[in-house]
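As structure tokens, the structure follows; a few thoughts come after it.
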Amino acid sequence: MGTYSRYPLTLVRGRGCWVRDQQGRRYLDAVAGIAACTLGHSDRAMRRALKDQLQRLQHVSNLYQIPEQEQLARWLVDNSCADSAFFCNSGAEANEAAIKLARKHGHQRRGIERPIILTANASFHGRTLAAVSATNQPRYHKGFEPMVDGFKSFIYNDLSSFENLLRSLEVHGPRVSAVLIEPLQGEGGVNPGDPAFFHAIRHHCSEKGILLIFDEVQVGVGRSGFLWGYEQLGVAPDVMTLAKGLGGGHAIGAMLVQKEADLFEPGDHASTFGGNPFACRAGLTVVQELKRRDVLCNVRKRGEQLRRGLDSLIERFPNILWQARGWGLLQGVVIRDDCNLGAAAVVNAALNQRLLLVPAGAKVVRIVPPLVIRRREVTELLIRLERALQLIQV
Ligand SMILES: *Cc1c(COP(=O)(O)O)cnc(C)c1O
């Protein structure tokens with residue numbers, strides 16, 4: 001179907017941070033399948049592990065014990081604030097699970113008949129009906145109304161907006177079951193969370209017994225320079241959702257919960273493919289390689305290098321660029337409001353320089369390369385972006 005407006009580009013192979021089109025032209029990939037190909041393309045450890053898994057067993061369903069799923073869950077629990085995991089196949093699905101959990105929490109723990117989940121403006125939580133209802137951006141709702149009931153929004157990083165909303169909803173007793181929020185807003189424009197704001201939200205949630213759910217689908221699994229985005233904020237959630245980077249390019253999603261939030265019982269929720277041996281082997285390989293190769297250290301160093309380069313591009317192109325922002329290897333370049341160019345124009349110009357970038361909203365160019373990107377590749381990325389900007393400036 002005509003669901004996507006695609007670039008006229010057909011990619012047929014890849015290695016590390018580089019992909020090739022049908023004509024054999026090479027592109028530097030700072031999209032990584034939208035922050036998904038954590039270890040780059042065709043990584044050796046991934047190839048080995050997945051080849052082995054393909055030859056052994058791919059799918060059996062959650063009717064049975066699945067050792068690969070248990071191992072991945074164990075790793076995630078051992079390396080985060082969470083105590084247990086539910087596996088699914090995408091970010092939207094992980095958020096659907098969290099939304100159901102939040103409603104159950106509202107009914108069971110706070111005695112609310114019609115629980116409300118608070119979400120932020122400019123958020124992005126996925127495209128399924130409840131996830132898109134949680135996504136507070138009208139352009140994603142248009143044409144698909146009515147939205148799912150039970151979401152109210154506040155302004156991201158604006159504490160008085162959050163407190164006013166919470167107070168107004170709870171004047172006659174409990175009505176809010178959860179807050180669903182991204183530690184850094186990805187699609188909404190690479191907008192990092194403010195630690196003071198998040199600390200305050202955490203305080204309100206703990207005080208009232210409201211679940212704090214972090215959507216870490218984009219920022220989680222090392223992209224921020226920490227394993228989890230919440231570590232950037234110094235605030236631990238009760239629930240977090242993962243997908244994109246977890247599978248290193250393969251379909252997997254997860255909801256991780258602390259034990260106090262572990263409310264699902266047999267029959268409450270399920271997924272046919274969720275947590276299958278192949279997807280979990282992919283996830284396990286990604287997280288083990290992150291540790292083994294000290295990829296977080298690379299993310300921090302290369303993230304700083306990228307940021308310095310972007311800051312100097314902003315100085316050199318003050319008519320086009322306004323600021324760079326983000327964490328680690330999730331960086332956004334914001335185009336000036338009064339510049340008539342949009343992010344799409346910069347992305348197209350970069351494509352001509354054989355650099356792949358992706359917009360995050362109308363005015364932000366997002367840079368999300370594989371987390372294993374090397375120093376000279378970041379240098380090359382900056383050179384290509386500079387050339388692109390030179391050519392659209394005239
Ligand atoms: C991409 C994204 C989603 C949706 O993930 P899908 O796998 O496309 O369903 C949800 N939340 C955030 C923060 C995302 O970046």
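Scheme for the structure tokens: letters A, B, ... for chains in order shown; per-chain residue numbers from 1; ligand numbers from 1 in order shown.
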
Residues up to 6 Å from ligand 1, counting only C-alpha atoms and all ligand atoms: could you list those as number ranges by chain?
A: 90-92, 124-126, 186-187, 215-218, 243-244

Generate a file of the selected residues that holds N, CA and C atoms, formatted as a compact mmCIF listing (two decimals), in the first residue's frame.
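Saved to out13.txt:
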```txt
# COMPACT_ATOMS: atom_id res chain seq x y z
N SER A 90 7.47 -5.15 18.87
CA SER A 90 7.67 -3.77 18.40
C SER A 90 7.49 -2.80 19.55
N GLY A 91 7.81 -1.55 19.26
CA GLY A 91 7.66 -0.50 20.26
C GLY A 91 6.20 -0.22 20.58
N ALA A 92 5.38 -0.14 19.54
CA ALA A 92 3.95 0.12 19.76
C ALA A 92 3.36 -0.97 20.64
N PHE A 124 5.87 10.50 21.17
CA PHE A 124 5.61 9.47 20.15
C PHE A 124 5.68 8.10 20.81
N HIS A 125 4.57 7.36 20.69
CA HIS A 125 4.52 6.04 21.32
C HIS A 125 4.15 4.92 20.36
N GLY A 126 4.01 5.23 19.07
CA GLY A 126 3.71 4.18 18.09
C GLY A 126 2.39 4.41 17.38
N GLY A 186 12.16 11.34 20.94
CA GLY A 186 12.87 11.06 19.69
C GLY A 186 12.18 11.67 18.50
N GLU A 187 11.10 11.00 18.03
CA GLU A 187 10.36 11.47 16.85
C GLU A 187 9.89 12.91 17.02
N ASP A 215 8.98 5.32 28.14
CA ASP A 215 9.09 4.76 26.80
C ASP A 215 10.54 4.94 26.37
N GLU A 216 11.30 3.85 26.48
CA GLU A 216 12.72 3.88 26.11
C GLU A 216 12.94 3.17 24.78
N VAL A 217 11.91 3.15 23.95
CA VAL A 217 11.99 2.43 22.69
C VAL A 217 13.12 2.96 21.81
N GLN A 218 13.33 4.28 21.83
CA GLN A 218 14.39 4.84 20.98
C GLN A 218 15.70 5.08 21.75
N ALA A 243 12.34 -1.44 22.34
CA ALA A 243 12.18 -2.12 21.05
C ALA A 243 13.39 -1.77 20.18
N LYS A 244 13.19 -0.83 19.26
CA LYS A 244 14.19 -0.46 18.26
C LYS A 244 15.58 -1.10 18.41
```

Would you pick out the contacts of segment 278-294 of chain A at 10 Å or less, using only C-alpha atoms, so that residues sharing its chain but fewer than 4 positions from it are not included, and give the list as a ChimeraX atom specification?
/A:37-39,43,45-54,56-59,66-76,79,87-89,221-222,227,243,245-253,273-274,298-299,371-372

If you count only C-alpha atoms, the residue of A:Leu313, A:Leu184, A:Gly189, A:Leu159 closest to Ile201 of chain A turns out to be A:Leu159

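Picture a line from atom CA of His141 of chain A to atom CA of Glu163 of chain A; it runs 25.5 Å.
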
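Counting only C-alpha atoms and comparing A:Arg384, A:Lys142, A:Lys100, A:Arg325, the residue that lies closest to Ala349 of chain A is A:Arg384.
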
Can you list, as number ranges by chain, every protein, DNA or RNA residue that comes within 6 Å of segment 173-176 of chain A when you count only C-alpha atoms, leaving out same-chain residues fewer than 2 positions away?
A: 112, 115-117, 170-171, 178

Go ahead and dump the residues you just picked, N, CA, C and O atoms, as a compact mmCIF listing (two decimals), in the first residue's frame.
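Now in part_37.txt:
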```
# COMPACT_ATOMS: atom_id res chain seq x y z
N ILE A 112 -9.66 2.92 40.69
CA ILE A 112 -10.24 3.86 39.73
C ILE A 112 -11.11 3.09 38.73
O ILE A 112 -10.69 2.06 38.20
N PRO A 115 -9.53 4.64 34.54
CA PRO A 115 -8.19 5.20 34.77
C PRO A 115 -7.71 6.07 33.61
O PRO A 115 -7.98 5.76 32.44
N ILE A 116 -6.98 7.11 33.95
CA ILE A 116 -6.41 8.03 32.96
C ILE A 116 -4.88 7.89 32.97
O ILE A 116 -4.28 7.74 34.04
N ILE A 117 -4.29 7.93 31.79
CA ILE A 117 -2.83 7.91 31.65
C ILE A 117 -2.40 9.28 31.15
O ILE A 117 -2.96 9.80 30.18
N GLU A 170 -7.43 15.15 39.93
CA GLU A 170 -7.58 14.37 41.17
C GLU A 170 -8.25 15.14 42.31
O GLU A 170 -8.16 14.71 43.46
N VAL A 171 -8.97 16.22 41.99
CA VAL A 171 -9.62 16.99 43.08
C VAL A 171 -10.62 16.13 43.86
O VAL A 171 -10.74 16.26 45.08
N ALA A 178 -1.31 6.24 35.57
CA ALA A 178 0.09 6.19 35.14
C ALA A 178 0.48 7.46 34.40
O ALA A 178 -0.38 8.19 33.90
```

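For the set A:Leu330, A:Leu389, A:Leu233, A:Val148, the residue with the smallest atom-to-atom gap to Pro318 of chain A is A:Leu389, counting only C-alpha atoms.
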
Mind checking which residues fall within 9 Å of segment 9-15 of chain A, counting only C-alpha atoms, ignoring those fewer than 3 positions away in the same chain, and posting them as a PyMOL selection string?
chain A and resi 6+18-24+26+40-43

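Using only C-alpha atoms for every distance, the candidate list A:Asp29, A:Leu391, A:Tyr156, A:Glu182 yields A:Tyr156 as the residue closest to Phe197 of chain A.
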
Distance query segment 356-366 of chain A at most 10 Å, only C-alpha atoms, self and fewer than 5 positions along chain excluded, as number ranges by chain:
A: 18-19, 27-35, 122, 185-191, 321-326, 329-337, 339-351, 381, 384-385

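Running DSSP on the backbone gives strand (DSSP E) for these residues within segment 34-142 of chain A: Ser84, Ala85, Phe86, Phe87, Cys88, Ile116, Ile117, Leu118, Thr119 and Ala120 of chain A.
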
Limited to N, CA and C atoms, could you put the picked residues into a file as a JSON list (two decimals), in the first residue's frame?
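Wrote out.json, looks like this:
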```json
[["chain", "number", "residue", "atom", "x", "y", "z"],
["A", 84, "SER", "N", 11.25, -8.04, 36.07],
["A", 84, "SER", "CA", 10.73, -9.05, 35.14],
["A", 84, "SER", "C", 10.41, -8.41, 33.79],
["A", 85, "ALA", "N", 10.19, -9.27, 32.80],
["A", 85, "ALA", "CA", 10.04, -8.79, 31.43],
["A", 85, "ALA", "C", 8.90, -9.50, 30.72],
["A", 86, "PHE", "N", 8.24, -8.75, 29.84],
["A", 86, "PHE", "CA", 7.28, -9.32, 28.89],
["A", 86, "PHE", "C", 7.79, -9.00, 27.49],
["A", 87, "PHE", "N", 7.80, -9.99, 26.59],
["A", 87, "PHE", "CA", 8.34, -9.74, 25.25],
["A", 87, "PHE", "C", 7.25, -9.70, 24.19],
["A", 88, "CYS", "N", 7.45, -8.77, 23.25],
["A", 88, "CYS", "CA", 6.54, -8.64, 22.11],
["A", 88, "CYS", "C", 7.42, -8.33, 20.89],
["A", 116, "ILE", "N", -6.98, 7.11, 33.95],
["A", 116, "ILE", "CA", -6.41, 8.03, 32.96],
["A", 116, "ILE", "C", -4.88, 7.89, 32.97],
["A", 117, "ILE", "N", -4.29, 7.93, 31.79],
["A", 117, "ILE", "CA", -2.83, 7.91, 31.65],
["A", 117, "ILE", "C", -2.40, 9.28, 31.15],
["A", 118, "LEU", "N", -1.42, 9.86, 31.83],
["A", 118, "LEU", "CA", -0.93, 11.18, 31.41],
["A", 118, "LEU", "C", 0.24, 11.01, 30.45],
["A", 119, "THR", "N", 0.21, 11.76, 29.36],
["A", 119, "THR", "CA", 1.31, 11.72, 28.38],
["A", 119, "THR", "C", 1.68, 13.16, 28.01],
["A", 120, "ALA", "N", 2.85, 13.30, 27.38],
["A", 120, "ALA", "CA", 3.35, 14.65, 27.09],
["A", 120, "ALA", "C", 3.01, 15.07, 25.66]]
```

Rounded to one decimal, what separation in Å do you get between atom CA of Val295 of chain A and atom CA of Trp228 of chain A?
13.3 Å

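The gap separating atom CA of Arg114 of chain A from atom CA of Phe151 of chain A is 10.6 Å, in Å to one decimal.
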
Can you pull out the residues contacting Val257 of chain A? Cut-off 12 Å, using only C-alpha atoms, and skip same-chain residues under 6 positions away; I want them as number ranges by chain.
A: 73, 76-77, 80-87, 94, 97-98, 101-102, 211-214, 236-242, 263-264

When you count only C-alpha atoms, which of these residues is closest to His107 of chain A: A:Thr3, A:Ser123, A:Gln55, A:Ser177?
A:Ser177

Using DSSP assignments from the backbone, pull out every residue in segment 7-211 of chain A that falls under alpha helix (DSSP H) and give it to me as an NGL selection string.
:A and (32-35 or 44-56 or 67-78 or 91-110 or 129-134 or 138-141 or 159-169 or 195-208)
